[in-house]
$ cat data-v4.json   # JSON, C-alpha atoms
[["chain", "number", "residue", "atom", "x", "y", "z"],
["A", 12, "MET", "CA", -8.08, -29.81, 11.34],
["A", 13, "SER", "CA", -11.40, -29.22, 13.09],
["A", 14, "SER", "CA", -14.52, -28.32, 11.12],
["A", 15, "GLY", "CA", -14.90, -25.21, 13.33],
["A", 16, "HIS", "CA", -11.46, -24.01, 12.21],
["A", 17, "ASP", "CA", -12.38, -24.68, 8.56],
["A", 18, "ALA", "CA", -15.66, -22.79, 8.89],
["A", 19, "ASP", "CA", -13.78, -19.90, 10.49],
["A", 20, "ILE", "CA", -11.34, -19.77, 7.56],
["A", 21, "GLN", "CA", -14.16, -19.98, 5.00],
["A", 22, "ASN", "CA", -15.78, -17.03, 6.76],
["A", 23, "HIS", "CA", -12.50, -15.09, 6.49],
["A", 24, "ILE", "CA", -12.25, -15.87, 2.77],
["A", 25, "LYS", "CA", -15.78, -14.46, 2.27],
["A", 26, "ILE", "CA", -14.73, -11.25, 4.04],
["A", 27, "TYR", "CA", -11.56, -10.96, 1.89],
["A", 28, "MET", "CA", -13.68, -11.39, -1.26],
["A", 29, "MET", "CA", -16.05, -8.64, -0.11],
["A", 30, "VAL", "CA", -13.14, -6.31, 0.69],
["A", 31, "PHE", "CA", -11.61, -6.99, -2.73],
["A", 32, "ALA", "CA", -14.92, -6.24, -4.47],
["A", 33, "SER", "CA", -15.36, -3.05, -2.42],
["A", 34, "LEU", "CA", -11.84, -1.87, -3.32],
["A", 35, "ALA", "CA", -12.50, -2.49, -7.03],
["A", 36, "VAL", "CA", -15.83, -0.61, -6.92],
["A", 37, "LEU", "CA", -14.33, 2.30, -4.97],
["A", 38, "THR", "CA", -11.50, 2.56, -7.53],
["A", 39, "ILE", "CA", -14.09, 2.99, -10.29],
["A", 40, "VAL", "CA", -16.02, 5.47, -8.10],
["A", 41, "THR", "CA", -12.92, 7.60, -7.49],
["A", 42, "VAL", "CA", -12.13, 7.73, -11.23],
["A", 43, "ALA", "CA", -15.78, 8.55, -12.06],
["A", 44, "ALA", "CA", -15.83, 11.27, -9.37],
["A", 45, "SER", "CA", -12.82, 12.95, -10.99],
["A", 46, "TYR", "CA", -15.03, 13.68, -14.06],
["A", 47, "LEU", "CA", -17.66, 15.51, -11.97],
["A", 48, "GLU", "CA", -17.80, 19.29, -12.17],
["A", 49, "LEU", "CA", -16.49, 19.94, -8.67],
["A", 50, "SER", "CA", -14.41, 22.77, -7.26],
["A", 51, "SER", "CA", -10.78, 21.97, -6.53],
["A", 52, "GLY", "CA", -11.43, 21.79, -2.78],
["A", 53, "GLU", "CA", -14.45, 19.50, -3.16],
["A", 54, "ALA", "CA", -12.57, 17.19, -5.57],
["A", 55, "ILE", "CA", -9.60, 16.90, -3.17],
["A", 56, "PHE", "CA", -11.93, 16.22, -0.21],
["A", 57, "LEU", "CA", -13.91, 13.54, -2.08],
["A", 58, "ALA", "CA", -10.82, 11.78, -3.48],
["A", 59, "LEU", "CA", -9.14, 11.72, -0.05],
["A", 60, "VAL", "CA", -12.30, 10.40, 1.65],
["A", 61, "ILE", "CA", -12.57, 7.54, -0.87],
["A", 62, "ALA", "CA", -8.83, 6.80, -0.59],
["A", 63, "SER", "CA", -9.13, 6.78, 3.23],
["A", 64, "VAL", "CA", -12.05, 4.32, 3.10],
["A", 65, "LYS", "CA", -10.05, 2.06, 0.74],
["A", 66, "GLY", "CA", -6.92, 2.37, 2.90],
["A", 67, "SER", "CA", -8.93, 1.52, 6.03],
["A", 68, "LEU", "CA", -10.36, -1.59, 4.35],
["A", 69, "VAL", "CA", -6.85, -2.79, 3.45],
["A", 70, "ALA", "CA", -5.46, -2.03, 6.91],
["A", 71, "CYS", "CA", -8.40, -3.47, 8.89],
["A", 72, "PHE", "CA", -9.00, -6.68, 6.92],
["A", 73, "PHE", "CA", -6.01, -7.58, 4.73],
["A", 74, "MET", "CA", -3.56, -6.45, 7.45],
["A", 75, "HIS", "CA", -5.84, -7.78, 10.23],
["A", 76, "LEU", "CA", -5.67, -4.55, 12.24],
["A", 77, "ILE", "CA", -9.31, -5.00, 13.26],
["A", 78, "SER", "CA", -8.33, -7.96, 15.45],
["A", 79, "GLU", "CA", -4.70, -6.99, 16.18],
["A", 80, "LYS", "CA", -3.20, -6.73, 19.67],
["A", 81, "ALA", "CA", -3.45, -3.40, 21.52],
["A", 82, "PHE", "CA", 0.32, -2.93, 21.51],
["A", 83, "ILE", "CA", 0.42, -2.72, 17.68],
["A", 84, "THR", "CA", -2.58, -0.38, 17.67],
["A", 85, "TRP", "CA", -0.82, 2.00, 20.07],
["A", 86, "VAL", "CA", 2.37, 1.99, 17.97],
["A", 87, "LEU", "CA", 0.31, 2.87, 14.89],
["A", 88, "MET", "CA", -1.69, 5.56, 16.64],
["A", 89, "LEU", "CA", 1.58, 7.24, 17.65],
["A", 90, "THR", "CA", 2.77, 6.94, 14.03],
["A", 91, "ALA", "CA", -0.49, 8.51, 12.82],
["A", 92, "VAL", "CA", 0.01, 11.51, 15.16],
["A", 93, "PHE", "CA", 3.50, 12.17, 13.76],
["A", 94, "PHE", "CA", 2.23, 11.64, 10.21],
["A", 95, "PHE", "CA", -0.43, 14.34, 10.63],
["A", 96, "ILE", "CA", 2.13, 16.71, 12.16],
["A", 97, "LEU", "CA", 4.25, 16.11, 9.06],
["A", 98, "MET", "CA", 1.30, 16.92, 6.80],
["A", 99, "PHE", "CA", 0.84, 20.30, 8.46],
["A", 100, "VAL", "CA", 4.53, 21.29, 8.29],
["A", 101, "PRO", "CA", 4.07, 22.94, 4.84],
["A", 102, "LEU", "CA", 1.46, 25.27, 6.37],
["A", 103, "ALA", "CA", 4.12, 26.57, 8.76],
["A", 104, "ALA", "CA", 5.97, 27.97, 5.74],
["A", 105, "TYR", "CA", 2.89, 30.01, 4.81],
["A", 106, "ILE", "CA", 2.43, 31.33, 8.34],
["A", 107, "ASP", "CA", 6.08, 32.42, 8.17],
["A", 108, "GLN", "CA", 5.53, 34.04, 4.77],
["A", 109, "ALA", "CA", 2.52, 35.93, 6.09],
["A", 110, "LYS", "CA", 4.61, 37.33, 8.95],
["A", 111, "ILE", "CA", 7.32, 38.53, 6.53],
["A", 112, "GLY", "CA", 4.79, 39.78, 3.96],
["B", 28, "MET", "CA", 20.42, -21.83, 19.99],
["B", 29, "GLU", "CA", 16.71, -21.56, 19.30],
["B", 30, "ILE", "CA", 15.48, -18.07, 18.38],
["B", 31, "PRO", "CA", 12.65, -17.23, 20.81],
["B", 32, "TYR", "CA", 9.13, -16.10, 19.89],
["B", 33, "THR", "CA", 9.20, -16.99, 16.18],
["B", 34, "VAL", "CA", 5.84, -18.72, 16.61],
["B", 35, "ASP", "CA", 4.68, -18.11, 20.18],
["B", 36, "GLU", "CA", 3.41, -14.73, 21.25],
["B", 37, "ARG", "CA", 5.71, -12.75, 23.52],
["B", 38, "PRO", "CA", 3.85, -12.20, 26.82],
["B", 39, "ASP", "CA", 4.61, -8.45, 27.08],
["B", 40, "THR", "CA", 3.78, -7.45, 23.47],
["B", 41, "GLY", "CA", 1.16, -10.11, 22.72],
["B", 42, "VAL", "CA", 2.63, -10.83, 19.24],
["B", 43, "TYR", "CA", 5.51, -12.91, 17.87],
["B", 44, "ASN", "CA", 8.73, -10.90, 17.48],
["B", 45, "ALA", "CA", 8.88, -10.77, 13.68],
["B", 46, "LYS", "CA", 5.39, -9.30, 13.50],
["B", 47, "LEU", "CA", 6.30, -6.50, 15.90],
["B", 48, "GLY", "CA", 9.51, -5.91, 13.90],
["B", 49, "VAL", "CA", 7.62, -5.57, 10.62],
["B", 50, "TRP", "CA", 5.01, -3.25, 12.14],
["B", 51, "LEU", "CA", 7.79, -0.99, 13.50],
["B", 52, "PHE", "CA", 9.44, -1.06, 10.07],
["B", 53, "LEU", "CA", 6.11, -0.11, 8.47],
["B", 54, "ALA", "CA", 5.75, 2.75, 10.98],
["B", 55, "SER", "CA", 9.11, 4.08, 9.73],
["B", 56, "GLU", "CA", 7.87, 3.62, 6.16],
["B", 57, "VAL", "CA", 4.81, 5.74, 6.96],
["B", 58, "MET", "CA", 7.18, 8.54, 7.95],
["B", 59, "LEU", "CA", 9.34, 8.05, 4.83],
["B", 60, "PHE", "CA", 6.37, 8.36, 2.49],
["B", 61, "GLY", "CA", 4.83, 10.94, 4.85],
["B", 62, "GLY", "CA", 7.82, 13.24, 4.26],
["B", 63, "LEU", "CA", 7.28, 12.99, 0.51],
["B", 64, "PHE", "CA", 3.50, 13.46, 0.79],
["B", 65, "SER", "CA", 4.30, 16.57, 2.85],
["B", 66, "ALA", "CA", 6.65, 17.72, 0.04],
["B", 67, "TYR", "CA", 3.76, 17.16, -2.41],
["B", 68, "VAL", "CA", 1.49, 19.45, -0.33],
["B", 69, "PHE", "CA", 4.27, 22.06, -0.13],
["B", 70, "LEU", "CA", 4.93, 22.00, -3.89],
["B", 71, "ARG", "CA", 1.23, 22.02, -4.77],
["B", 72, "LEU", "CA", 0.56, 25.03, -2.55],
["B", 73, "GLY", "CA", 3.63, 26.76, -3.97],
["B", 74, "ALA", "CA", 2.66, 26.23, -7.63],
["B", 75, "PRO", "CA", 0.39, 28.68, -9.50],
["B", 76, "VAL", "CA", -3.33, 27.96, -8.83],
["B", 77, "GLY", "CA", -4.51, 24.98, -10.91],
["B", 78, "ALA", "CA", -1.01, 24.28, -12.30],
["B", 79, "PHE", "CA", -0.62, 20.85, -10.64],
["B", 80, "HIS", "CA", -3.93, 19.70, -12.12],
["B", 81, "GLU", "CA", -2.93, 21.11, -15.53],
["B", 82, "TRP", "CA", 0.54, 19.49, -15.52],
["B", 83, "GLY", "CA", -0.97, 16.16, -14.44],
["B", 84, "GLN", "CA", -3.20, 16.03, -17.55],
["B", 85, "GLU", "CA", -0.32, 14.37, -19.45],
["B", 86, "LEU", "CA", -0.62, 11.27, -17.26],
["B", 87, "ASN", "CA", -2.43, 8.16, -18.49],
["B", 88, "VAL", "CA", -5.44, 7.64, -16.16],
["B", 89, "PRO", "CA", -6.72, 4.36, -17.76],
["B", 90, "LEU", "CA", -3.30, 2.72, -17.39],
["B", 91, "ALA", "CA", -2.99, 3.92, -13.78],
["B", 92, "THR", "CA", -6.54, 2.64, -13.04],
["B", 93, "LEU", "CA", -5.55, -0.74, -14.48],
["B", 94, "ASN", "CA", -2.42, -0.69, -12.30],
["B", 95, "THR", "CA", -4.57, 0.07, -9.24],
["B", 96, "MET", "CA", -6.78, -2.94, -10.04],
["B", 97, "ILE", "CA", -3.69, -5.13, -10.52],
["B", 98, "LEU", "CA", -2.25, -4.09, -7.16],
["B", 99, "ILE", "CA", -5.58, -4.68, -5.37],
["B", 100, "SER", "CA", -5.72, -8.13, -7.00],
["B", 101, "SER", "CA", -2.17, -8.85, -5.82],
["B", 102, "SER", "CA", -3.23, -7.98, -2.26],
["B", 103, "MET", "CA", -6.09, -10.47, -2.59],
["B", 104, "THR", "CA", -3.81, -13.26, -3.90],
["B", 105, "MET", "CA", -1.27, -12.42, -1.19],
["B", 106, "VAL", "CA", -3.80, -12.86, 1.61],
["B", 107, "MET", "CA", -5.08, -16.06, -0.08],
["B", 108, "SER", "CA", -1.55, -17.51, -0.10],
["B", 109, "TRP", "CA", -1.46, -17.08, 3.68],
["B", 110, "VAL", "CA", -4.97, -18.54, 4.06],
["B", 111, "SER", "CA", -3.86, -21.56, 1.97],
["B", 112, "LEU", "CA", -1.06, -22.27, 4.43],
["B", 113, "LYS", "CA", -3.52, -21.95, 7.31],
["B", 114, "MET", "CA", -5.55, -24.66, 5.52],
["B", 115, "ASN", "CA", -2.41, -26.81, 5.07],
["B", 116, "ASP", "CA", -2.69, -26.54, 1.28],
["B", 117, "PHE", "CA", 0.87, -25.94, 0.11],
["B", 118, "LYS", "CA", 0.03, -26.34, -3.61],
["B", 119, "LYS", "CA", -2.52, -23.54, -3.44],
["B", 120, "TYR", "CA", 0.00, -21.42, -1.53],
["B", 121, "LYS", "CA", 2.47, -21.80, -4.42],
["B", 122, "LEU", "CA", -0.25, -20.92, -6.93],
["B", 123, "TYR", "CA", -1.43, -17.77, -5.12],
["B", 124, "MET", "CA", 2.15, -16.63, -4.46],
["B", 125, "ALA", "CA", 2.98, -17.08, -8.18],
["B", 126, "LEU", "CA", -0.14, -15.04, -9.06],
["B", 127, "THR", "CA", 0.99, -12.30, -6.67],
["B", 128, "LEU", "CA", 4.38, -12.21, -8.40],
["B", 129, "ILE", "CA", 2.74, -12.08, -11.85],
["B", 130, "CYS", "CA", 0.55, -9.15, -10.71],
["B", 131, "ALA", "CA", 3.66, -7.35, -9.39],
["B", 132, "LEU", "CA", 5.45, -7.91, -12.70],
["B", 133, "CYS", "CA", 2.44, -6.60, -14.66],
["B", 134, "PHE", "CA", 2.40, -3.49, -12.44],
["B", 135, "LEU", "CA", 6.08, -2.83, -13.20],
["B", 136, "VAL", "CA", 5.64, -3.39, -16.96],
["B", 137, "ILE", "CA", 2.77, -0.87, -17.03],
["B", 138, "LYS", "CA", 4.83, 1.57, -14.96],
["B", 139, "TYR", "CA", 7.70, 1.13, -17.44],
["B", 140, "LEU", "CA", 5.33, 1.90, -20.34],
["B", 141, "GLU", "CA", 4.13, 5.02, -18.53],
["B", 142, "TYR", "CA", 7.67, 6.23, -17.83],
["B", 143, "SER", "CA", 8.70, 5.52, -21.45],
["B", 144, "ALA", "CA", 5.77, 7.57, -22.78],
["B", 145, "LYS", "CA", 6.75, 10.48, -20.54],
["B", 146, "ILE", "CA", 10.39, 10.36, -21.62],
["B", 147, "ASP", "CA", 9.34, 10.12, -25.29],
["B", 148, "HIS", "CA", 7.37, 13.33, -24.77],
["B", 149, "HIS", "CA", 10.48, 14.91, -23.17],
["B", 150, "ILE", "CA", 8.87, 14.96, -19.74],
["B", 151, "TYR", "CA", 11.47, 14.55, -16.99],
["B", 152, "PRO", "CA", 11.63, 15.18, -13.22],
["B", 153, "SER", "CA", 13.20, 18.56, -14.11],
["B", 154, "THR", "CA", 10.21, 19.56, -16.30],
["B", 155, "ASN", "CA", 8.28, 21.09, -13.40],
["B", 156, "THR", "CA", 7.65, 20.55, -9.67],
["B", 157, "PHE", "CA", 4.72, 18.20, -10.41],
["B", 158, "TYR", "CA", 6.86, 15.79, -12.38],
["B", 159, "ALA", "CA", 9.68, 16.14, -9.81],
["B", 160, "ILE", "CA", 7.38, 14.79, -7.08],
["B", 161, "TYR", "CA", 5.59, 12.38, -9.49],
["B", 162, "PHE", "CA", 8.81, 10.61, -10.46],
["B", 163, "THR", "CA", 10.11, 10.66, -6.86],
["B", 164, "LEU", "CA", 6.93, 9.18, -5.34],
["B", 165, "THR", "CA", 6.22, 6.61, -8.06],
["B", 166, "GLY", "CA", 9.93, 5.74, -8.33],
["B", 167, "LEU", "CA", 10.22, 5.08, -4.60],
["B", 168, "HIS", "CA", 6.99, 3.09, -4.71],
["B", 169, "GLY", "CA", 8.31, 1.09, -7.67],
["B", 170, "LEU", "CA", 11.49, 0.31, -5.72],
["B", 171, "HIS", "CA", 9.28, -1.03, -2.92],
["B", 172, "ILE", "CA", 7.51, -3.28, -5.44],
["B", 173, "ILE", "CA", 10.88, -4.59, -6.70],
["B", 174, "GLY", "CA", 12.13, -5.17, -3.13],
["B", 175, "GLY", "CA", 8.90, -6.97, -2.24],
["B", 176, "MET", "CA", 9.14, -9.13, -5.38],
["B", 177, "ILE", "CA", 12.63, -10.32, -4.40],
["B", 178, "VAL", "CA", 11.35, -11.46, -0.99],
["B", 179, "LEU", "CA", 8.16, -12.97, -2.47],
["B", 180, "PHE", "CA", 10.20, -14.87, -5.07],
["B", 181, "TYR", "CA", 12.48, -16.25, -2.34],
["B", 182, "LEU", "CA", 9.48, -17.38, -0.26],
["B", 183, "TRP", "CA", 7.82, -18.91, -3.34],
["B", 184, "GLY", "CA", 11.01, -20.77, -4.37],
["B", 185, "PRO", "CA", 13.96, -21.75, -2.19],
["B", 186, "GLY", "CA", 12.56, -20.27, 1.03],
["B", 187, "SER", "CA", 9.44, -22.43, 0.84],
["B", 188, "LYS", "CA", 11.44, -25.50, 1.93],
["B", 189, "MET", "CA", 10.88, -24.26, 5.49],
["B", 190, "TRP", "CA", 7.26, -25.47, 5.18],
["B", 191, "ASN", "CA", 8.53, -29.06, 5.60],
["B", 192, "SER", "CA", 10.56, -28.38, 8.75],
["B", 193, "LYS", "CA", 8.83, -25.44, 10.49],
["B", 194, "PRO", "CA", 5.35, -24.95, 8.99],
["B", 195, "GLU", "CA", 4.09, -22.55, 11.68],
["B", 196, "GLN", "CA", 7.12, -20.27, 11.41],
["B", 197, "PHE", "CA", 6.85, -20.33, 7.61],
["B", 198, "THR", "CA", 3.16, -19.37, 7.81],
["B", 199, "ASN", "CA", 4.13, -16.43, 10.03],
["B", 200, "ARG", "CA", 6.76, -15.38, 7.48],
["B", 201, "ILE", "CA", 4.05, -15.25, 4.82],
["B", 202, "GLU", "CA", 1.80, -13.24, 7.14],
["B", 203, "ILE", "CA", 4.46, -10.57, 7.73],
["B", 204, "VAL", "CA", 5.62, -10.33, 4.12],
["B", 205, "GLY", "CA", 1.89, -9.92, 3.40],
["B", 206, "LEU", "CA", 1.76, -6.97, 5.82],
["B", 207, "TYR", "CA", 4.55, -5.30, 3.82],
["B", 208, "TRP", "CA", 2.83, -6.07, 0.52],
["B", 209, "HIS", "CA", -0.53, -4.67, 1.68],
["B", 210, "PHE", "CA", 1.28, -1.53, 2.88],
["B", 211, "VAL", "CA", 2.75, -1.03, -0.61],
["B", 212, "ASP", "CA", -0.81, -1.39, -1.97],
["B", 213, "LEU", "CA", -2.07, 1.09, 0.63],
["B", 214, "VAL", "CA", 0.52, 3.71, -0.42],
["B", 215, "TRP", "CA", -0.58, 3.33, -4.06],
["B", 216, "ILE", "CA", -4.23, 3.81, -3.03],
["B", 217, "PHE", "CA", -3.26, 7.36, -1.98],
["B", 218, "LEU", "CA", -0.73, 8.00, -4.77],
["B", 219, "PHE", "CA", -3.26, 7.20, -7.48],
["B", 220, "PRO", "CA", -5.77, 10.01, -6.77],
["B", 221, "ILE", "CA", -3.28, 12.69, -5.74],
["B", 222, "LEU", "CA", -1.07, 12.22, -8.81],
["B", 223, "TYR", "CA", -3.48, 11.13, -11.52],
["B", 224, "LEU", "CA", -6.91, 12.49, -10.64],
["B", 225, "LEU", "CA", -6.52, 15.79, -8.75]]
$ encode --input "data-v4.json" --output "structure tokens"
Amino acid sequence: MSSGHDADIQNHIKIYMMVFASLAVLTIVTVAASYLELSSGEAIFLALVIASVKGSLVACFFMHLISEKAFITWVLMLTAVFFFILMFVPLAAYIDQAKIG
Amino acid sequence: MEIPYTVDERPDTGVYNAKLGVWLFLASEVMLFGGLFSAYVFLRLGAPVGAFHEWGQELNVPLATLNTMILISSSMTMVMSWVSLKMNDFKKYKLYMALTLICALCFLVIKYLEYSAKIDHHIYPSTNTFYAIYFTLTGLHGLHIIGGMIVLFYLWGPGSKMWNSKPEQFTNRIEIVGLYWHFVDLVWIFLFPILYLL
């Protein structure tokens, strides 16, 4: 195995260690934030932002999405679109209710 | 007959076939959990104001935080098992894979303790809509952990013989089972705050 390959792997290990440390710190931050005197909306926003940052770290580095081929990225972007549509489906029920009400 | 593109990248997709297959499977998993996350939003909006937060107070946050740390650690050991194979260190691969399995087992034991405490306090999925979605989401996630453990155990034990005959294909197998495992971690990263903290 070439020394360049080894150095490349060692560099990757360093990145994985940093991601792991960041995930651990952000877990503590999200628990600490839940004890703050925030309104319901603010608490939900903050928790989801932290979870999104953690999720992005896992996806980009542990799942290698940051250097993945374009084809996979496109498949996932399409999935993300449908996922967000799914998240807004419950709101449709309230629009319906408002019409009836 | 040789199965094509187990190691080489397919020219049109740019990835080996198994990797594309797992990513498509994970896309379907996003929609599976997405449907249940959507149900969570629906039930939360339908419950009296503040009720979901109130009902969730019975949950054990320190235990769930510990479980989050365990799952993050298992993601780290999982990626290190793949890195070990990239460095041609099979012994380290076995060690990291065993650590991943131990983390997964610890997660399930803690989850069992949590479920037992709820049942002891007569809290069931039928108690209210919060616990209905709590047991559904964590139960489905737990099943994913169990499914993943079966595959990880196979690749740690009998399946690891492939390293001697087809090392590159075996390394790819570890990469894609890792993708699945990190996805299960990713789902928990969102389940933890919405169920335990909000």
$ closest_residue --input "data-v4.json" --among "B:Pro31, B:Ser192, B:Trp208, B:Val178" --to "chain A" --atoms "all atoms listed in the file"
B:Trp208
$ interface_residues --input "data-v4.json" --of "chain A" --to "chain B" --cutoff "7 Å" --atoms "all atoms listed in the file" --output "MDAnalysis selection string"
chainID A and resid 31 35 45 54:55 58 62 66 69 73:74 80 82 87 90 94 97:98 101
$ atom_distance --input "data-v4.json" --atom1 "CA of Leu179 (chain B)" --atom2 "CA of Lys65 (chain A)"
23.8 Å
$ atom_distance --input "data-v4.json" --atom1 "CA of Lys110 (chain A)" --atom2 "CA of Ala74 (chain B)"
20.0 Å
$ closest_residue --input "data-v4.json" --among "B:Leu164, B:Leu170, B:Ile150, B:Val49" --to "Leu135 (chain B)" --atoms "only C-alpha atoms"
B:Leu170
$ atom_distance --input "data-v4.json" --atom1 "CA of Leu128 (chain B)" --atom2 "CA of Asn191 (chain B)"
22.3 Å
$ residues_around --input "data-v4.json" --residues "Tyr161 (chain B)" --least-positions-apart "3" --cutoff "9 Å" --atoms "all atoms listed in the file" --output "list in words"
Tyr67, Pro152, Thr156, Phe157, Tyr158, Leu164, Thr165, Gly166 and Leu222 of chain B
$ closest_residue --input "data-v4.json" --among "A:Thr41, A:Ser78, A:Asn22, A:Thr84" --to "Phe56 (chain A)" --atoms "all atoms listed in the file"
A:Thr41
